[in-house]
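Peer 1: input22.cif is reproduced in full below (mmCIF, C-alpha atoms and all ligand atoms).
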```
data_model
loop_
_atom_site.label_atom_id
_atom_site.label_comp_id
_atom_site.auth_asym_id
_atom_site.auth_seq_id
_atom_site.Cartn_x
_atom_site.Cartn_y
_atom_site.Cartn_z
CA MET A 317 -1.39 -21.64 -15.00
CA ASN A 318 1.33 -23.27 -12.93
CA VAL A 319 3.80 -23.26 -15.80
CA GLU A 320 7.22 -22.66 -14.30
CA ARG A 321 8.59 -20.73 -17.27
CA HIS A 322 6.50 -18.78 -19.74
CA ILE A 323 7.32 -19.15 -23.40
CA ASN A 324 6.63 -15.43 -23.83
CA GLU A 325 8.17 -12.48 -22.01
CA ASP A 326 6.56 -12.01 -18.58
CA PHE A 327 5.64 -8.39 -19.26
CA ILE A 328 3.67 -9.42 -22.35
CA VAL A 329 1.86 -12.19 -20.45
CA GLU A 330 1.06 -9.84 -17.56
CA TYR A 331 -0.17 -7.13 -19.93
CA ILE A 332 -2.49 -9.53 -21.79
CA ARG A 333 -3.85 -10.92 -18.50
CA SER A 334 -4.51 -7.39 -17.24
CA LEU A 335 -6.95 -6.93 -20.13
CA TYR A 336 -9.32 -9.72 -19.12
CA PRO A 337 -12.29 -9.00 -16.83
CA PRO A 338 -12.27 -10.64 -13.36
CA LYS A 339 -13.42 -14.26 -13.24
CA ASN A 340 -16.51 -15.49 -11.40
CA ASP A 341 -16.31 -17.08 -7.93
CA LEU A 342 -16.26 -20.66 -9.21
CA PHE A 343 -13.29 -20.05 -11.53
CA GLN A 344 -11.46 -18.16 -8.77
CA GLU A 345 -12.04 -21.04 -6.33
CA MET A 346 -10.77 -23.55 -8.89
CA GLU A 347 -7.70 -21.46 -9.67
CA GLU A 348 -6.91 -21.16 -5.96
CA LEU A 349 -7.22 -24.92 -5.50
CA ALA A 350 -5.00 -25.55 -8.54
CA ARG A 351 -2.38 -23.14 -7.17
CA ALA A 352 -2.52 -24.56 -3.63
CA GLU A 353 -2.27 -28.18 -4.75
CA ASP A 354 0.02 -27.58 -7.72
CA ILE A 355 -2.46 -28.96 -10.24
CA PRO A 356 -1.77 -27.79 -13.79
CA ILE A 357 -4.74 -26.13 -15.50
CA ILE A 358 -4.93 -24.14 -18.74
CA GLU A 359 -3.46 -20.67 -18.75
CA PRO A 360 -5.75 -17.64 -19.13
CA GLU A 361 -4.58 -16.93 -22.71
CA THR A 362 -5.21 -20.54 -23.69
CA ALA A 363 -8.66 -20.37 -22.09
CA LYS A 364 -9.50 -17.29 -24.19
CA LEU A 365 -8.29 -18.92 -27.39
CA LEU A 366 -10.29 -22.08 -26.65
CA GLN A 367 -13.41 -20.05 -25.98
CA LEU A 368 -13.01 -18.08 -29.20
CA LEU A 369 -12.50 -21.26 -31.27
CA LEU A 370 -15.56 -22.82 -29.66
CA LYS A 371 -17.74 -19.77 -30.34
CA LEU A 372 -16.67 -19.86 -33.99
CA HIS A 373 -16.97 -23.61 -34.35
CA ARG A 374 -20.00 -24.30 -32.09
CA PRO A 375 -19.35 -28.05 -31.62
CA LYS A 376 -22.26 -30.24 -30.54
CA ARG A 377 -19.95 -32.80 -28.95
CA ILE A 378 -16.54 -32.15 -27.39
CA LEU A 379 -13.99 -34.75 -26.28
CA GLU A 380 -11.43 -33.65 -23.69
CA ILE A 381 -8.41 -35.75 -22.73
CA GLY A 382 -7.26 -34.72 -19.25
CA THR A 383 -10.01 -33.33 -17.00
CA ALA A 384 -7.99 -32.68 -13.82
CA ILE A 385 -10.34 -30.64 -11.58
CA GLY A 386 -12.65 -29.78 -14.49
CA TYR A 387 -11.44 -26.21 -15.02
CA SER A 388 -10.99 -26.30 -18.82
CA ALA A 389 -14.20 -28.31 -19.24
CA ILE A 390 -16.16 -25.59 -17.43
CA VAL A 391 -14.30 -22.89 -19.42
CA MET A 392 -15.42 -24.63 -22.63
CA MET A 393 -18.98 -25.17 -21.43
CA ASP A 394 -19.19 -21.52 -20.37
CA ALA A 395 -18.15 -20.35 -23.85
CA LEU A 396 -21.11 -22.21 -25.34
CA LYS A 397 -23.52 -21.26 -22.54
CA GLY A 398 -24.17 -24.91 -21.80
CA GLU A 399 -25.22 -25.75 -25.36
CA THR A 400 -22.87 -28.66 -25.92
CA ASN A 401 -21.92 -32.02 -24.47
CA ILE A 402 -18.43 -32.50 -23.10
CA TYR A 403 -17.01 -35.99 -22.71
CA THR A 404 -13.92 -35.64 -20.58
CA ILE A 405 -11.43 -38.38 -19.66
CA GLU A 406 -9.49 -38.58 -16.40
CA ARG A 407 -7.69 -41.44 -14.69
CA ASP A 408 -6.70 -39.94 -11.32
CA PRO A 409 -9.36 -40.69 -8.66
CA ARG A 410 -8.56 -37.54 -6.65
CA MET A 411 -9.04 -35.35 -9.74
CA ILE A 412 -12.25 -37.21 -10.58
CA ARG A 413 -13.67 -36.37 -7.15
CA TYR A 414 -12.82 -32.67 -7.54
CA ALA A 415 -14.17 -32.53 -11.09
CA LYS A 416 -17.49 -34.16 -10.15
CA ASP A 417 -17.94 -31.65 -7.37
CA PHE A 418 -17.12 -28.63 -9.54
CA PHE A 419 -19.33 -29.86 -12.41
CA ALA A 420 -22.20 -30.20 -9.94
CA HIS A 421 -21.67 -26.60 -8.81
CA SER A 422 -21.17 -25.16 -12.30
CA GLY A 423 -24.85 -24.77 -13.03
CA TYR A 424 -24.40 -26.69 -16.30
CA THR A 425 -25.42 -30.19 -17.23
CA GLY A 426 -23.83 -31.83 -20.26
CA PHE A 427 -20.61 -33.04 -18.62
CA HIS A 428 -19.81 -36.73 -19.07
CA LEU A 429 -16.81 -37.79 -17.01
CA LEU A 430 -15.16 -40.90 -18.45
CA GLU A 431 -13.02 -42.52 -15.79
CA GLY A 432 -9.90 -44.43 -16.77
CA ASP A 433 -6.92 -44.31 -19.08
CA ALA A 434 -7.53 -42.24 -22.22
CA LYS A 435 -5.93 -44.79 -24.55
CA ASP A 436 -8.30 -47.54 -23.34
CA ILE A 437 -11.38 -45.31 -23.24
CA MET A 438 -10.78 -43.77 -26.67
CA GLN A 439 -10.63 -47.24 -28.21
CA GLU A 440 -14.10 -47.93 -26.82
CA LEU A 441 -15.72 -44.71 -28.04
CA SER A 442 -17.88 -44.90 -31.12
CA MET A 443 -19.57 -41.48 -31.39
CA GLU A 444 -18.17 -38.67 -33.54
CA TYR A 445 -16.84 -35.50 -31.92
CA ASP A 446 -16.57 -32.06 -33.53
CA PHE A 447 -13.85 -30.78 -31.23
CA ILE A 448 -11.11 -32.56 -29.27
CA PHE A 449 -9.07 -30.85 -26.57
CA MET A 450 -5.90 -32.73 -25.70
CA ASP A 451 -4.38 -31.81 -22.34
CA ALA A 452 -3.02 -35.00 -20.73
CA ALA A 453 0.27 -36.94 -20.79
CA LYS A 454 2.29 -35.05 -23.42
CA ALA A 455 4.41 -38.08 -24.31
CA GLN A 456 1.17 -39.78 -25.45
CA TYR A 457 -0.04 -37.05 -27.81
CA GLN A 458 0.75 -39.09 -30.93
CA ASN A 459 -1.31 -42.01 -29.64
CA PHE A 460 -4.15 -39.70 -28.60
CA PHE A 461 -4.09 -38.00 -32.00
CA ALA A 462 -4.13 -41.33 -33.86
CA LEU A 463 -7.18 -42.46 -31.88
CA GLY A 464 -8.79 -39.01 -31.90
CA SER A 465 -8.49 -38.58 -35.67
CA TYR A 466 -10.88 -41.54 -36.14
CA LEU A 467 -13.38 -40.02 -33.71
CA LEU A 468 -13.21 -36.50 -35.19
CA SER A 469 -15.79 -35.40 -37.74
CA LYS A 470 -14.68 -33.86 -41.05
CA GLY A 471 -14.28 -30.13 -40.43
CA GLY A 472 -13.57 -30.84 -36.73
CA LEU A 473 -10.72 -29.40 -34.69
CA ILE A 474 -8.11 -30.95 -32.44
CA VAL A 475 -6.53 -28.49 -30.03
CA SER A 476 -3.39 -29.74 -28.25
CA ASP A 477 -2.05 -27.83 -25.25
CA ASN A 478 1.54 -27.46 -23.95
CA VAL A 479 3.09 -28.37 -27.29
CA LEU A 480 6.05 -25.99 -26.85
CA PHE A 481 6.59 -27.24 -23.27
CA ARG A 482 8.23 -24.24 -21.60
CA GLY A 483 10.20 -23.52 -24.76
CA MET A 484 12.13 -26.80 -24.58
CA VAL A 485 10.57 -28.10 -27.78
CA ALA A 486 11.95 -25.14 -29.75
CA SER A 487 15.40 -24.86 -28.17
CA GLY A 488 17.84 -27.63 -27.20
CA GLU A 489 19.51 -25.21 -24.78
CA LEU A 490 16.40 -25.14 -22.58
CA VAL A 491 15.89 -28.92 -22.39
CA GLU A 492 16.11 -30.40 -18.91
CA ARG A 493 17.72 -33.87 -18.91
CA ARG A 494 14.78 -35.69 -17.38
CA LYS A 495 12.42 -34.16 -19.94
CA ILE A 496 14.34 -35.28 -23.02
CA THR A 497 11.93 -38.09 -23.93
CA ILE A 498 8.84 -35.87 -23.67
CA VAL A 499 10.53 -33.14 -25.70
CA LYS A 500 11.56 -35.57 -28.45
CA ARG A 501 8.05 -36.97 -28.63
CA LEU A 502 6.49 -33.51 -28.76
CA ARG A 503 8.84 -32.52 -31.59
CA LYS A 504 7.86 -35.63 -33.50
CA TYR A 505 4.21 -34.95 -32.77
CA LEU A 506 4.42 -31.38 -34.09
CA PHE A 507 6.35 -32.50 -37.15
CA ASP A 508 3.74 -35.17 -37.92
CA ILE A 509 0.64 -33.03 -37.44
CA THR A 510 2.05 -30.14 -39.45
CA GLN A 511 2.91 -32.47 -42.38
CA ARG A 512 -0.13 -34.71 -42.18
CA GLU A 513 -2.15 -35.12 -45.38
CA GLY A 514 -5.77 -33.98 -45.03
CA TYR A 515 -5.10 -31.88 -41.94
CA SER A 516 -4.09 -28.27 -41.47
CA THR A 517 -2.25 -27.20 -38.31
CA SER A 518 -1.25 -23.89 -36.78
CA VAL A 519 1.19 -23.86 -33.85
CA ILE A 520 0.43 -20.81 -31.73
CA PRO A 521 2.95 -19.53 -29.16
CA ILE A 522 0.52 -18.59 -26.41
CA GLY A 523 0.20 -20.12 -22.96
CA ASP A 524 2.58 -23.10 -23.08
CA GLY A 525 2.11 -23.46 -26.86
CA VAL A 526 -1.13 -24.55 -28.49
CA ALA A 527 -1.54 -26.50 -31.76
CA VAL A 528 -4.84 -26.11 -33.59
CA THR A 529 -5.49 -28.83 -36.19
CA LEU A 530 -8.36 -28.86 -38.69
CA LYS A 531 -9.46 -32.15 -40.23
CA GLU A 532 -10.07 -31.22 -43.86
CA LYS A 533 -10.69 -34.69 -45.33
CA GLU A 534 -11.98 -38.02 -44.10
C1 LIG B 1 -2.79 -30.78 -17.39
S1 LIG B 1 -3.95 -31.70 -16.50
C2 LIG B 1 -5.47 -31.28 -17.24
C3 LIG B 1 -5.90 -29.89 -16.94
C4 LIG B 1 -7.29 -29.55 -17.42
N1 LIG B 1 -7.45 -29.82 -18.83
C5 LIG B 1 -7.55 -28.09 -17.18
O1 LIG B 1 -6.96 -27.26 -17.87
O2 LIG B 1 -8.34 -27.78 -16.28
C6 LIG B 1 -3.69 -33.31 -17.12
C7 LIG B 1 -4.61 -34.37 -16.51
O3 LIG B 1 -4.58 -35.49 -17.38
C8 LIG B 1 -4.64 -36.67 -16.60
N2 LIG B 1 -4.05 -37.72 -17.44
C9 LIG B 1 -2.76 -37.82 -17.86
N3 LIG B 1 -2.60 -38.88 -18.66
C10 LIG B 1 -3.82 -39.49 -18.75
C11 LIG B 1 -4.29 -40.64 -19.41
N4 LIG B 1 -3.48 -41.39 -20.17
N5 LIG B 1 -5.60 -40.95 -19.29
C12 LIG B 1 -6.44 -40.21 -18.54
N6 LIG B 1 -6.05 -39.09 -17.86
C13 LIG B 1 -4.76 -38.75 -17.97
C14 LIG B 1 -3.84 -36.36 -15.35
O4 LIG B 1 -4.25 -37.19 -14.29
C15 LIG B 1 -4.15 -34.87 -15.16
O5 LIG B 1 -5.20 -34.71 -14.22
#
```
Can the structure in the file be given as structure tokens, please?
Peer 2:
Amino acid sequence: MNVERHINEDFIVEYIRSLYPPKNDLFQEMEELARAEDIPIIEPETAKLLQLLLKLHRPKRILEIGTAIGYSAIVMMDALKGETNIYTIERDPRMIRYAKDFFAHSGYTGFHLLEGDAKDIMQELSMEYDFIFMDAAKAQYQNFFALGSYLLSKGGLIVSDNVLFRGMVASGELVERRKITIVKRLRKYLFDITQREGYSTSVIPIGDGVAVTLKEKE
């Protein structure tokens, strides 16, 4: 949602979206809020991919970096019918207030909102997670991955969103000047996670680009 330019042709995106059944009232309310206040939340295709991965993987403990209003956390919880625990990190007090409210109305327990900067909080965490969803400051993905890889169980997945960043990561012609640093860091991030020993990564061109990384060895 709220991505200014799709990485895929609009007619393909619209066609795929037309296939999905209508969302429930809570998701519609959250999407309207995100649109009205220009808050980025995961795109419908990314939500479907996340849900499918979660149903296959059935993680007991999920770590999310970047809660915003709690939309993706509720999407993930919904996929597992409440049978998981989601630890989700957010540093913006306004987002924290929205997320708390939506979690309370979701009908699910099992959300654990960790308030503060992800880099600080991740250094304090000691539990293992089976699934990490990374959807916060893109320029920090390498730091988040380095910290997350210690917290991830063997056989666990790290899913990183927005890795193709409106196509800019794949084509120099699309890069906006003020985004150069983020784009360079995302390119380095993708290079590193695709080459990394003991991990297997697929970069999927849906939504704004999603990387799915499996931890194969300790
Ligand atoms: C793209 S939004 C998350 C959207 C959410 N995952 C969803 O799809 O519903 C990114 C959020 O990450 C938060 N964020 C960015 N950098 C962060 C950091 N270093 N620590 C904690 N939160 C951070 C921002 O405040 C923002 O609310």
Peer 1: Pick from A:Thr529, A:Thr510, A:Ser388, A:Ser422: nearest to ligand LIG 1 (chain B), with only C-alpha atoms and all ligand atoms counted?
Peer 2: A:Ser388
Peer 1: At most 9 Å from (-16.9, -35.2, -17.9), file frame, only C-alpha atoms: which residues, as a compact mmCIF listing (two decimals) with C-alpha atoms, in the coordinates of the input?
Peer 2:
```
# COMPACT_ATOMS: atom_id res chain seq x y z
CA LEU A 379 -13.99 -34.75 -26.28
CA GLU A 380 -11.43 -33.65 -23.69
CA THR A 383 -10.01 -33.33 -17.00
CA GLY A 386 -12.65 -29.78 -14.49
CA ALA A 389 -14.20 -28.31 -19.24
CA ASN A 401 -21.92 -32.02 -24.47
CA ILE A 402 -18.43 -32.50 -23.10
CA TYR A 403 -17.01 -35.99 -22.71
CA THR A 404 -13.92 -35.64 -20.58
CA ILE A 405 -11.43 -38.38 -19.66
CA GLU A 406 -9.49 -38.58 -16.40
CA ILE A 412 -12.25 -37.21 -10.58
CA ALA A 415 -14.17 -32.53 -11.09
CA LYS A 416 -17.49 -34.16 -10.15
CA PHE A 419 -19.33 -29.86 -12.41
CA GLY A 426 -23.83 -31.83 -20.26
CA PHE A 427 -20.61 -33.04 -18.62
CA HIS A 428 -19.81 -36.73 -19.07
CA LEU A 429 -16.81 -37.79 -17.01
CA LEU A 430 -15.16 -40.90 -18.45
CA GLU A 431 -13.02 -42.52 -15.79
```
Peer 1: What's the separation between atom CA of A:Gly423 and atom CA of A:Ile385, in Å to one decimal place?
Peer 2: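 Separation of atom CA of A:Gly423 and atom CA of A:Ile385: 15.7 Å.
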Peer 1: Please report the interatomic distance between atom CA of A:Ser487 and atom CA of A:Tyr457 in Å with one decimal.
Peer 2: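 Interatomic distance, atom CA of A:Ser487 to atom CA of A:Tyr457: 19.7 Å.
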Peer 1: Collect all residues with atoms no farther than 8 Å from ligand LIG 1 (chain B), counting only C-alpha atoms and all ligand atoms, and output them as an MDAnalysis selection string.
Peer 2: chainID A and resid 355:359 380:389 405:408 411 431:435 449:454 456
Peer 1: Excluding same-chain residues fewer than 6 positions from A:Ile498, what lies within 12 Å of it counting only C-alpha atoms, as an MDAnalysis selection string?
Peer 2: chainID A and resid 453:458 478:482 484:485 491:492 504:505
Peer 1: Would you put the residues from that selection into a file with C-alpha atoms, as a PDB file, in the frame of the given file?
Peer 2:
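Saved the output as again_11.pdb:
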```pdb
ATOM      1  CA  ALA A 453       0.270 -36.940 -20.790  1.00  0.00           C
ATOM      2  CA  LYS A 454       2.290 -35.050 -23.420  1.00  0.00           C
ATOM      3  CA  ALA A 455       4.410 -38.080 -24.310  1.00  0.00           C
ATOM      4  CA  GLN A 456       1.170 -39.780 -25.450  1.00  0.00           C
ATOM      5  CA  TYR A 457      -0.040 -37.050 -27.810  1.00  0.00           C
ATOM      6  CA  GLN A 458       0.750 -39.090 -30.930  1.00  0.00           C
ATOM      7  CA  ASN A 478       1.540 -27.460 -23.950  1.00  0.00           C
ATOM      8  CA  VAL A 479       3.090 -28.370 -27.290  1.00  0.00           C
ATOM      9  CA  LEU A 480       6.050 -25.990 -26.850  1.00  0.00           C
ATOM     10  CA  PHE A 481       6.590 -27.240 -23.270  1.00  0.00           C
ATOM     11  CA  ARG A 482       8.230 -24.240 -21.600  1.00  0.00           C
ATOM     12  CA  MET A 484      12.130 -26.800 -24.580  1.00  0.00           C
ATOM     13  CA  VAL A 485      10.570 -28.100 -27.780  1.00  0.00           C
ATOM     14  CA  VAL A 491      15.890 -28.920 -22.390  1.00  0.00           C
ATOM     15  CA  GLU A 492      16.110 -30.400 -18.910  1.00  0.00           C
ATOM     16  CA  LYS A 504       7.860 -35.630 -33.500  1.00  0.00           C
ATOM     17  CA  TYR A 505       4.210 -34.950 -32.770  1.00  0.00           C
TER      18      TYR A 505
END
```
Peer 1: What is the distance between atom CA of A:Glu361 and atom CA of A:Pro375, in Å to one decimal?
Peer 2: 20.5 Å
Peer 1: Excluding A:Tyr515 and residues on its chain fewer than 4 positions from it, collect all residues at most 8 Å away from it, counting all atoms listed in the file, and give them as an MDAnalysis selection string.
Peer 2: chainID A and resid 509:510 529:533
Peer 1: Looking at A:Phe460, A:Arg351, A:Ile520, A:Glu345, which one is nearest to A:His421, with distances taken over only C-alpha atoms?
Peer 2: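 Between A:Phe460, A:Arg351, A:Ile520, A:Glu345, the residue approaching A:His421 most closely is A:Glu345.
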Peer 1: In terms of the shortest atom-to-atom distance over only C-alpha atoms, which of A:Arg512, A:Lys364, A:His373, A:Lys397 is closest to A:Val526?
Peer 2: A:Lys364
Peer 1: Stretch 329-334 of chain A: which residues within 12 Å, counting only C-alpha atoms, same-chain residues fewer than 2 positions away excluded, as a PyMOL selection string?
Peer 2: chain A and resi 317+321-327+336-339+359-364+521-524
Peer 1: Can you work out which one of A:Leu502, A:Ile378, A:Leu490, A:Ile496 has the shortest atom-to-atom distance to A:Met443, counting all atoms listed in the file?
Peer 2: A:Ile378
Peer 1: In terms of the shortest atom-to-atom distance over all atoms listed in the file, which of A:Ile474, A:Ala462, A:Ala352, A:Leu396 is closest to A:Ala527?
Peer 2: A:Ile474
Peer 1: Given only C-alpha atoms as the basis, pick out the residue of A:Val475, A:Leu366, A:Met393, A:Leu467 nearest to A:Gln439.
Peer 2: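 Ranked by minimum distance to A:Gln439, first place goes to A:Leu467.
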Peer 1: List every protein, DNA or RNA residue that has at least one atom no more than 7 Å from (-16.3, -19.4, -25.6) in the file's coordinates, counting all atoms listed in the file, and write the result as a short mmCIF file (atom, residue, chain, number, x, y, z; two decimals) with C-alpha atoms, keeping the file's coordinate frame.
Peer 2:
```cif
data_model
loop_
_atom_site.label_atom_id
_atom_site.label_comp_id
_atom_site.auth_asym_id
_atom_site.auth_seq_id
_atom_site.Cartn_x
_atom_site.Cartn_y
_atom_site.Cartn_z
CA LEU A 366 -10.29 -22.08 -26.65
CA GLN A 367 -13.41 -20.05 -25.98
CA LEU A 368 -13.01 -18.08 -29.20
CA LEU A 370 -15.56 -22.82 -29.66
CA LYS A 371 -17.74 -19.77 -30.34
CA MET A 392 -15.42 -24.63 -22.63
CA ASP A 394 -19.19 -21.52 -20.37
CA ALA A 395 -18.15 -20.35 -23.85
CA LEU A 396 -21.11 -22.21 -25.34
#
```
Peer 1: Generate a file for stretch 427-453 of chain A, containing N, CA and C atoms, as a short mmCIF file (atom, residue, chain, number, x, y, z; two decimals), in the first residue's frame.
Peer 2:
```cif
data_model
loop_
_atom_site.label_atom_id
_atom_site.label_comp_id
_atom_site.auth_asym_id
_atom_site.auth_seq_id
_atom_site.Cartn_x
_atom_site.Cartn_y
_atom_site.Cartn_z
N PHE A 427 0.08 -10.48 21.10
CA PHE A 427 0.93 -9.38 20.58
C PHE A 427 1.78 -8.84 21.72
N HIS A 428 3.04 -8.59 21.45
CA HIS A 428 3.94 -8.01 22.44
C HIS A 428 4.62 -6.82 21.77
N LEU A 429 4.16 -5.63 22.12
CA LEU A 429 4.69 -4.42 21.47
C LEU A 429 5.94 -3.97 22.23
N LEU A 430 7.07 -3.94 21.52
CA LEU A 430 8.33 -3.54 22.14
C LEU A 430 8.63 -2.11 21.68
N GLU A 431 8.64 -1.20 22.62
CA GLU A 431 8.69 0.22 22.27
C GLU A 431 10.12 0.75 22.33
N GLY A 432 10.59 1.27 21.21
CA GLY A 432 11.94 1.85 21.19
C GLY A 432 12.61 1.58 19.86
N ASP A 433 13.89 1.89 19.80
CA ASP A 433 14.62 1.70 18.55
C ASP A 433 15.01 0.22 18.38
N ALA A 434 14.76 -0.30 17.19
CA ALA A 434 14.96 -1.74 16.94
C ALA A 434 16.39 -2.19 17.25
N LYS A 435 17.37 -1.32 16.89
CA LYS A 435 18.77 -1.75 17.10
C LYS A 435 19.05 -1.96 18.60
N ASP A 436 18.52 -1.06 19.43
CA ASP A 436 18.72 -1.19 20.88
C ASP A 436 17.95 -2.39 21.42
N ILE A 437 16.69 -2.50 21.00
CA ILE A 437 15.84 -3.57 21.55
C ILE A 437 16.37 -4.94 21.13
N MET A 438 16.78 -5.06 19.86
CA MET A 438 17.24 -6.38 19.39
C MET A 438 18.48 -6.85 20.17
N GLN A 439 19.29 -5.89 20.58
CA GLN A 439 20.49 -6.28 21.35
C GLN A 439 20.13 -6.82 22.73
N GLU A 440 18.94 -6.45 23.20
CA GLU A 440 18.51 -6.88 24.53
C GLU A 440 17.75 -8.21 24.49
N LEU A 441 17.30 -8.60 23.31
CA LEU A 441 16.46 -9.82 23.23
C LEU A 441 17.32 -11.06 23.42
N SER A 442 16.74 -12.07 24.07
CA SER A 442 17.52 -13.29 24.27
C SER A 442 16.78 -14.53 23.78
N MET A 443 15.48 -14.43 23.53
CA MET A 443 14.73 -15.60 23.07
C MET A 443 15.02 -15.86 21.59
N GLU A 444 14.74 -17.10 21.16
CA GLU A 444 14.88 -17.43 19.74
C GLU A 444 13.54 -17.21 19.02
N TYR A 445 13.63 -16.80 17.79
CA TYR A 445 12.43 -16.57 16.97
C TYR A 445 12.52 -17.49 15.75
N ASP A 446 11.36 -17.93 15.27
CA ASP A 446 11.34 -18.83 14.11
C ASP A 446 11.08 -18.07 12.81
N PHE A 447 10.70 -16.81 12.96
CA PHE A 447 10.31 -16.03 11.78
C PHE A 447 10.53 -14.56 12.11
N ILE A 448 11.25 -13.86 11.24
CA ILE A 448 11.48 -12.42 11.46
C ILE A 448 10.98 -11.67 10.23
N PHE A 449 10.11 -10.68 10.48
CA PHE A 449 9.63 -9.84 9.39
C PHE A 449 10.22 -8.45 9.56
N MET A 450 10.99 -8.04 8.56
CA MET A 450 11.72 -6.78 8.61
C MET A 450 11.02 -5.75 7.73
N ASP A 451 10.49 -4.71 8.36
CA ASP A 451 9.74 -3.71 7.59
C ASP A 451 9.90 -2.33 8.25
N ALA A 452 11.14 -1.95 8.51
CA ALA A 452 11.41 -0.64 9.12
C ALA A 452 12.47 0.06 8.27
N ALA A 453 13.21 0.99 8.86
CA ALA A 453 14.18 1.80 8.12
C ALA A 453 15.03 0.94 7.18
#
```
